[in-house]
Amino acid sequence: MTALAIPLPLLSSKATTVCWGNLNKVEWSHGFSFTCYGIHFGVRVSDPALLPMLHKRLPADATASDAEVVDRYFSVILGGSEGNSRVRRYNVVYVDHVRFARSHDLDDILDSFETAVRLSTAELARNRVFIHAGAVGWNGKAIVLPGKSFVGKTNLVMELVKAGATYYSDEFAVLDSVGRVHPYLKPLSLRENGSGRQRNIPVEEIGGRPGRKPLPVGLVVMSAYKPSARWRPLTLSPGNGALALLSNTVSARRTPERVLATLERMVSMAPVIEGKRGEATVAASAAPPRWKNPPPRCASSASIR
């Protein structure tokens, strides 16, 4: 995508605040707008040197837009030192009027911008429901692996892909109104030991294949890594399964009725199982045959995380 010439687009009146007016006083030099999942976004920068770096961090589904009014704005300020000054200014990312991140490390800010765009897309998408989850395809159906950060989603997705599953996502399971999972293709993001910084690996690098078409859900697996845990999942009732999924759904507060309707369709098609697991390689080697036939025990609501 190429940057659009200023004047910059306006922020929707629904998102405009007094604080947004204060942020407008910064001297913004350049910007651009883009569309993703039907949402119009604006980006503006204090220094045009940021533009190519930000373009590289946009989602694969982003397309250039000439919208005059956008639903959400990302404002990025380039920090650093001026001349011989010893004072170092922060690099800063704002989402609308709210400061989302600041750091002296420019890579941290670029990572934060990428995260802000993805979360905003997941929150605002009108025709899709985004669940924090990994997702793979197996025998024409999707296996959805919900969970927040640091529960081991990416490792489990990677091992399932190595075992022959088709890659759909390691961050969001993207559902349409009838409960099918669509590809959300991005590199696998593995956290490096010690630093916690993410390293991106194309799925083809591990011999995997990206999914291309929406799949009905065949199984939902609520799991988290626990050292030496034995994989013995419980089967949740449809109601408890929907509640467990709700806690991982980004737009649950914004559009609760639409989200609940989608999740109900999802659990009506597929069982939801829950349990601690050990190493991802061991769990993946037992799946999907054992995952398709979990022990016929029903979890109580108290066991839902």
# chains A, B, ... in the order shown; residues from 1 in each chain; ligands from 1
>>> residues_around(residues="Arg265 of chain A", least_positions_apart="2", cutoff="10 Å", atoms="only C-alpha atoms", output="PDB file with C-alpha atoms, in the first residue's frame")
ATOM      1  CA  SER A 177     -22.376 -15.749  11.415  1.00  0.00           C
ATOM      2  CA  VAL A 178     -22.963 -19.497  10.906  1.00  0.00           C
ATOM      3  CA  GLY A 179     -19.997 -20.476  13.084  1.00  0.00           C
ATOM      4  CA  ARG A 180     -17.437 -21.402  10.422  1.00  0.00           C
ATOM      5  CA  VAL A 217     -15.937 -26.409  13.789  1.00  0.00           C
ATOM      6  CA  PRO A 238     -22.897 -26.715  25.564  1.00  0.00           C
ATOM      7  CA  ALA A 242     -20.242 -21.202  25.350  1.00  0.00           C
ATOM      8  CA  LEU A 260     -23.607 -15.227  21.957  1.00  0.00           C
ATOM      9  CA  ALA A 261     -25.621 -16.241  18.895  1.00  0.00           C
ATOM     10  CA  THR A 262     -22.414 -17.181  17.057  1.00  0.00           C
ATOM     11  CA  LEU A 263     -20.977 -19.104  20.016  1.00  0.00           C
ATOM     12  CA  VAL A 267     -21.072 -25.326  20.417  1.00  0.00           C
ATOM     13  CA  SER A 268     -24.162 -26.861  18.819  1.00  0.00           C
ATOM     14  CA  MET A 269     -21.902 -28.256  16.096  1.00  0.00           C
ATOM     15  CA  ALA A 270     -18.863 -29.287  18.113  1.00  0.00           C
TER      16      ALA A 270
END
>>> select_by_dssp(residues="segment 56-199 of chain A", states="helix (DSSP H, G or I)", output="PDB file with C-alpha atoms, in the first residue's frame")
ATOM      1  CA  LEU A 106      11.453   1.622  18.254  1.00  0.00           C
ATOM      2  CA  ASP A 107      10.950  -2.126  17.639  1.00  0.00           C
ATOM      3  CA  ASP A 108       8.806  -2.295  20.777  1.00  0.00           C
ATOM      4  CA  ILE A 109       6.632   0.500  19.412  1.00  0.00           C
ATOM      5  CA  LEU A 110       6.270  -1.183  16.022  1.00  0.00           C
ATOM      6  CA  ASP A 111       5.250  -4.397  17.805  1.00  0.00           C
ATOM      7  CA  SER A 112       2.735  -2.420  19.854  1.00  0.00           C
ATOM      8  CA  PHE A 113       1.289  -0.783  16.736  1.00  0.00           C
ATOM      9  CA  GLU A 114       0.846  -4.212  15.149  1.00  0.00           C
ATOM     10  CA  THR A 115      -0.862  -5.503  18.286  1.00  0.00           C
ATOM     11  CA  ALA A 116      -3.134  -2.452  18.479  1.00  0.00           C
ATOM     12  CA  VAL A 117      -4.253  -2.899  14.868  1.00  0.00           C
ATOM     13  CA  ARG A 118      -5.059  -6.582  15.391  1.00  0.00           C
ATOM     14  CA  LEU A 119      -6.947  -6.007  18.642  1.00  0.00           C
ATOM     15  CA  SER A 120      -8.887  -3.115  17.143  1.00  0.00           C
ATOM     16  CA  THR A 121      -9.835  -5.221  14.129  1.00  0.00           C
ATOM     17  CA  ALA A 122     -10.978  -8.040  16.403  1.00  0.00           C
ATOM     18  CA  GLU A 123     -13.010  -5.634  18.546  1.00  0.00           C
ATOM     19  CA  LEU A 124     -14.698  -3.650  15.769  1.00  0.00           C
ATOM     20  CA  LYS A 153      -1.436 -21.803  21.876  1.00  0.00           C
ATOM     21  CA  THR A 154       1.275 -21.236  19.287  1.00  0.00           C
ATOM     22  CA  ASN A 155       3.361 -24.232  20.362  1.00  0.00           C
ATOM     23  CA  LEU A 156       0.349 -26.523  20.207  1.00  0.00           C
ATOM     24  CA  VAL A 157      -0.735 -25.148  16.815  1.00  0.00           C
ATOM     25  CA  MET A 158       2.784 -25.642  15.503  1.00  0.00           C
ATOM     26  CA  GLU A 159       2.960 -29.267  16.640  1.00  0.00           C
ATOM     27  CA  LEU A 160      -0.473 -30.017  15.175  1.00  0.00           C
ATOM     28  CA  VAL A 161       0.621 -28.513  11.860  1.00  0.00           C
ATOM     29  CA  LYS A 162       3.754 -30.634  11.931  1.00  0.00           C
TER      30      LYS A 162
END
>>> closest_residue(among="A:Val151, A:Leu175, A:Ala280, A:Met222", to="Val250 of chain A", atoms="only C-alpha atoms")
A:Leu175
>>> residues_around(residues="Ile273 of chain A", least_positions_apart="4", cutoff="6 Å", atoms="only C-alpha atoms", output="list in words")
Val221, Met222, Pro233, Leu234, Thr235 and Leu236 of chain A
>>> atom_distance(atom1="atom CA of Val93 of chain A", atom2="atom CA of Thr35 of chain A")
19.2 Å
>>> closest_residue(among="A:Asp61, A:Glu274, A:Glu27, A:Asp96", to="Ser13 of chain A", atoms="only C-alpha atoms")
A:Asp96
